[in-house]
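Asker: Have a look at this one.
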Amino acid sequence: MHYPDGQLVIVGDSVRLGEDIGLVMCSIDDGVYTERYPEARWSYLGRGVVIDFPNLGPIHYVEPEDGLRLITRAT
């Protein structure tokens with residue numbers, strides 16, 4: 001999946017959606033998962049990414065929301 005500006009979404013990216021800042025926890029598209037978001041629990045979604053927002057919880061995206069913005073690239 002890509003951000004609205006065309007950049008690739010990468011696990012570990014810090015993102016902003018409105019006032020909330022979240023963390024990309026897994027990319028089903030790329031087969032990349034974190035310990036907290038393991039493949040066994042999330043791969044059933046088939047595609048997209050999961051982003052965890054402290055105030056919103058985990059959100060599964062197949063396509064990004066217009067307001068989703070990369071803040072810091074994963075290291």
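Note on naming: chains are A, B, ... as they come in the structure tokens, residues start from 1 per chain, ligands start from 1 in the order shown.
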Would you return as an NGL selection string the members of chain A that DSSP assigns to strand (DSSP E) on this structure's backbone?

Answerer: :A and (14-17 or 20-27 or 32-33 or 49-53 or 57-61 or 68-72)

Asker: What would the file look like if the residues just selected were written as a PDB file, in the first residue's frame with N, CA and C atoms?

Answerer:
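What landed in result_31.pdb:
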ATOM      1  N   SER A  14       5.929   5.929  11.442  1.00  0.00           N
ATOM      2  CA  SER A  14       5.071   6.721  12.309  1.00  0.00           C
ATOM      3  C   SER A  14       4.217   7.600  11.408  1.00  0.00           C
ATOM      4  N   VAL A  15       2.901   7.602  11.656  1.00  0.00           N
ATOM      5  CA  VAL A  15       1.972   8.299  10.768  1.00  0.00           C
ATOM      6  C   VAL A  15       1.015   9.190  11.556  1.00  0.00           C
ATOM      7  N   ARG A  16       0.423  10.132  10.857  1.00  0.00           N
ATOM      8  CA  ARG A  16      -0.582  11.014  11.452  1.00  0.00           C
ATOM      9  C   ARG A  16      -1.889  10.848  10.693  1.00  0.00           C
ATOM     10  N   LEU A  17      -2.969  10.787  11.477  1.00  0.00           N
ATOM     11  CA  LEU A  17      -4.313  10.806  10.926  1.00  0.00           C
ATOM     12  C   LEU A  17      -5.106  11.785  11.776  1.00  0.00           C
ATOM     13  N   ASP A  20      -4.298  12.227  15.659  1.00  0.00           N
ATOM     14  CA  ASP A  20      -3.721  10.989  16.188  1.00  0.00           C
ATOM     15  C   ASP A  20      -2.448  10.603  15.451  1.00  0.00           C
ATOM     16  N   ILE A  21      -1.498  10.099  16.217  1.00  0.00           N
ATOM     17  CA  ILE A  21      -0.248   9.587  15.666  1.00  0.00           C
ATOM     18  C   ILE A  21      -0.214   8.089  15.923  1.00  0.00           C
ATOM     19  N   GLY A  22       0.008   7.330  14.857  1.00  0.00           N
ATOM     20  CA  GLY A  22       0.007   5.882  14.960  1.00  0.00           C
ATOM     21  C   GLY A  22       1.277   5.279  14.410  1.00  0.00           C
ATOM     22  N   LEU A  23       1.342   3.947  14.518  1.00  0.00           N
ATOM     23  CA  LEU A  23       2.505   3.198  14.079  1.00  0.00           C
ATOM     24  C   LEU A  23       2.043   2.064  13.175  1.00  0.00           C
ATOM     25  N   VAL A  24       2.684   1.923  12.019  1.00  0.00           N
ATOM     26  CA  VAL A  24       2.372   0.821  11.104  1.00  0.00           C
ATOM     27  C   VAL A  24       2.891  -0.468  11.739  1.00  0.00           C
ATOM     28  N   MET A  25       1.977  -1.399  12.013  1.00  0.00           N
ATOM     29  CA  MET A  25       2.317  -2.603  12.764  1.00  0.00           C
ATOM     30  C   MET A  25       2.506  -3.835  11.893  1.00  0.00           C
ATOM     31  N   CYS A  26       1.858  -3.883  10.744  1.00  0.00           N
ATOM     32  CA  CYS A  26       2.095  -4.992   9.822  1.00  0.00           C
ATOM     33  C   CYS A  26       1.676  -4.600   8.416  1.00  0.00           C
ATOM     34  N   SER A  27       2.339  -5.224   7.458  1.00  0.00           N
ATOM     35  CA  SER A  27       1.989  -5.045   6.048  1.00  0.00           C
ATOM     36  C   SER A  27       1.668  -6.418   5.492  1.00  0.00           C
ATOM     37  N   VAL A  32       5.131  -8.621   6.067  1.00  0.00           N
ATOM     38  CA  VAL A  32       5.975  -8.150   7.170  1.00  0.00           C
ATOM     39  C   VAL A  32       5.083  -7.896   8.384  1.00  0.00           C
ATOM     40  N   TYR A  33       5.418  -8.543   9.483  1.00  0.00           N
ATOM     41  CA  TYR A  33       4.627  -8.462  10.703  1.00  0.00           C
ATOM     42  C   TYR A  33       5.538  -8.158  11.882  1.00  0.00           C
ATOM     43  N   VAL A  49      -2.533  -2.941   5.192  1.00  0.00           N
ATOM     44  CA  VAL A  49      -1.676  -2.742   6.360  1.00  0.00           C
ATOM     45  C   VAL A  49      -2.568  -2.534   7.587  1.00  0.00           C
ATOM     46  N   VAL A  50      -1.962  -2.713   8.770  1.00  0.00           N
ATOM     47  CA  VAL A  50      -2.649  -2.398  10.020  1.00  0.00           C
ATOM     48  C   VAL A  50      -1.832  -1.332  10.730  1.00  0.00           C
ATOM     49  N   ILE A  51      -2.508  -0.257  11.103  1.00  0.00           N
ATOM     50  CA  ILE A  51      -1.878   0.848  11.820  1.00  0.00           C
ATOM     51  C   ILE A  51      -2.547   0.957  13.183  1.00  0.00           C
ATOM     52  N   ASP A  52      -1.728   1.014  14.232  1.00  0.00           N
ATOM     53  CA  ASP A  52      -2.247   1.122  15.593  1.00  0.00           C
ATOM     54  C   ASP A  52      -2.173   2.574  16.051  1.00  0.00           C
ATOM     55  N   PHE A  53      -3.338   3.132  16.384  1.00  0.00           N
ATOM     56  CA  PHE A  53      -3.448   4.489  16.903  1.00  0.00           C
ATOM     57  C   PHE A  53      -3.842   4.413  18.375  1.00  0.00           C
ATOM     58  N   GLY A  57      -7.185   2.745  18.265  1.00  0.00           N
ATOM     59  CA  GLY A  57      -6.921   1.310  18.196  1.00  0.00           C
ATOM     60  C   GLY A  57      -6.389   0.939  16.829  1.00  0.00           C
ATOM     61  N   PRO A  58      -6.281  -0.368  16.558  1.00  0.00           N
ATOM     62  CA  PRO A  58      -5.769  -0.802  15.261  1.00  0.00           C
ATOM     63  C   PRO A  58      -6.803  -0.587  14.157  1.00  0.00           C
ATOM     64  N   ILE A  59      -6.325  -0.073  13.024  1.00  0.00           N
ATOM     65  CA  ILE A  59      -7.179   0.132  11.862  1.00  0.00           C
ATOM     66  C   ILE A  59      -6.543  -0.573  10.666  1.00  0.00           C
ATOM     67  N   HIS A  60      -7.348  -1.371   9.982  1.00  0.00           N
ATOM     68  CA  HIS A  60      -6.895  -2.072   8.780  1.00  0.00           C
ATOM     69  C   HIS A  60      -7.223  -1.208   7.564  1.00  0.00           C
ATOM     70  N   TYR A  61      -6.214  -0.986   6.749  1.00  0.00           N
ATOM     71  CA  TYR A  61      -6.381  -0.216   5.518  1.00  0.00           C
ATOM     72  C   TYR A  61      -6.021  -1.060   4.308  1.00  0.00           C
ATOM     73  N   LEU A  68      -4.116  10.500   5.781  1.00  0.00           N
ATOM     74  CA  LEU A  68      -3.023   9.722   6.352  1.00  0.00           C
ATOM     75  C   LEU A  68      -1.683  10.243   5.847  1.00  0.00           C
ATOM     76  N   ARG A  69      -0.809  10.628   6.790  1.00  0.00           N
ATOM     77  CA  ARG A  69       0.473  11.237   6.423  1.00  0.00           C
ATOM     78  C   ARG A  69       1.639  10.560   7.145  1.00  0.00           C
ATOM     79  N   LEU A  70       2.714  10.337   6.419  1.00  0.00           N
ATOM     80  CA  LEU A  70       3.951   9.825   7.000  1.00  0.00           C
ATOM     81  C   LEU A  70       4.597  10.923   7.831  1.00  0.00           C
ATOM     82  N   ILE A  71       4.967  10.592   9.085  1.00  0.00           N
ATOM     83  CA  ILE A  71       5.685  11.537   9.938  1.00  0.00           C
ATOM     84  C   ILE A  71       7.159  11.194   9.966  1.00  0.00           C
ATOM     85  N   THR A  72       7.447   9.925  10.302  1.00  0.00           N
ATOM     86  CA  THR A  72       8.826   9.457  10.408  1.00  0.00           C
ATOM     87  C   THR A  72       8.929   8.084   9.746  1.00  0.00           C
TER      88      THR A  72
END

Asker: One decimal, Å: what's the distance from atom CA of A:Asn55 over to atom CA of A:Gln7, could you say?

Answerer: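 Separating atom CA of A:Asn55 from atom CA of A:Gln7 is a distance of 24.7 Å.
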
Asker: Identify all residues of chain A in alpha helix (DSSP H) (DSSP on the backbone) and supply them as a list in words.

Answerer: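 Assigned to alpha helix (DSSP H), within chain A: Glu39, Ala40, Arg41 and Trp42 of chain A.
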
Asker: With all heavy atoms kept, could you save the residues just selected as a PDB file, in the first residue's frame?

Answerer:
ATOM      1  N   GLU A  39       1.703 -12.657  12.039  1.00  0.00           N
ATOM      2  CA  GLU A  39       1.063 -13.139  10.813  1.00  0.00           C
ATOM      3  C   GLU A  39      -0.139 -14.038  11.113  1.00  0.00           C
ATOM      4  O   GLU A  39      -1.185 -13.923  10.473  1.00  0.00           O
ATOM      5  CB  GLU A  39       2.080 -13.882   9.952  1.00  0.00           C
ATOM      6  CG  GLU A  39       1.512 -14.394   8.652  1.00  0.00           C
ATOM      7  CD  GLU A  39       2.547 -15.057   7.768  1.00  0.00           C
ATOM      8  OE1 GLU A  39       3.691 -15.256   8.214  1.00  0.00           O
ATOM      9  OE2 GLU A  39       2.196 -15.368   6.622  1.00  0.00           O
ATOM     10  N   ALA A  40       0.005 -14.918  12.091  1.00  0.00           N
ATOM     11  CA  ALA A  40      -1.068 -15.863  12.415  1.00  0.00           C
ATOM     12  C   ALA A  40      -2.372 -15.157  12.796  1.00  0.00           C
ATOM     13  O   ALA A  40      -3.452 -15.697  12.584  1.00  0.00           O
ATOM     14  CB  ALA A  40      -0.623 -16.777  13.550  1.00  0.00           C
ATOM     15  N   ARG A  41      -2.275 -13.969  13.317  1.00  0.00           N
ATOM     16  CA  ARG A  41      -3.471 -13.248  13.758  1.00  0.00           C
ATOM     17  C   ARG A  41      -4.023 -12.287  12.701  1.00  0.00           C
ATOM     18  O   ARG A  41      -5.220 -11.992  12.702  1.00  0.00           O
ATOM     19  CB  ARG A  41      -3.152 -12.476  15.026  1.00  0.00           C
ATOM     20  CG  ARG A  41      -4.360 -11.784  15.578  1.00  0.00           C
ATOM     21  CD  ARG A  41      -4.187 -11.315  16.981  1.00  0.00           C
ATOM     22  NE  ARG A  41      -5.388 -10.602  17.381  1.00  0.00           N
ATOM     23  CZ  ARG A  41      -5.412  -9.650  18.262  1.00  0.00           C
ATOM     24  NH1 ARG A  41      -4.316  -9.299  18.878  1.00  0.00           N
ATOM     25  NH2 ARG A  41      -6.534  -9.047  18.558  1.00  0.00           N
ATOM     26  N   TRP A  42      -3.169 -11.779  11.809  1.00  0.00           N
ATOM     27  CA  TRP A  42      -3.600 -10.703  10.911  1.00  0.00           C
ATOM     28  C   TRP A  42      -3.627 -11.050   9.427  1.00  0.00           C
ATOM     29  O   TRP A  42      -4.244 -10.339   8.639  1.00  0.00           O
ATOM     30  CB  TRP A  42      -2.716  -9.473  11.131  1.00  0.00           C
ATOM     31  CG  TRP A  42      -2.894  -8.941  12.506  1.00  0.00           C
ATOM     32  CD1 TRP A  42      -2.111  -9.224  13.600  1.00  0.00           C
ATOM     33  CD2 TRP A  42      -3.926  -8.093  12.977  1.00  0.00           C
ATOM     34  NE1 TRP A  42      -2.609  -8.593  14.711  1.00  0.00           N
ATOM     35  CE2 TRP A  42      -3.722  -7.877  14.359  1.00  0.00           C
ATOM     36  CE3 TRP A  42      -5.008  -7.469  12.365  1.00  0.00           C
ATOM     37  CZ2 TRP A  42      -4.553  -7.080  15.128  1.00  0.00           C
ATOM     38  CZ3 TRP A  42      -5.836  -6.673  13.140  1.00  0.00           C
ATOM     39  CH2 TRP A  42      -5.607  -6.490  14.497  1.00  0.00           C
TER      40      TRP A  42
END

Asker: So the first atom is atom CA of A:Asp13 and the second is atom CA of A:Tyr44; what is the distance between them in Å, to one decimal place?

Answerer: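 Atom CA of A:Asp13 sits 22.1 Å away from atom CA of A:Tyr44.
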
Asker: Which value, in Å to one decimal, gives the distance between atom CA of A:Asp30 and atom CA of A:Asp66?

Answerer: 21.6 Å

Asker: Using only C-alpha atoms, which of A:Glu19, A:Gly12, A:Arg47, A:Tyr3 sits nearest A:Glu65?

Answerer: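 Of all the options, A:Tyr3 lies closest to A:Glu65.
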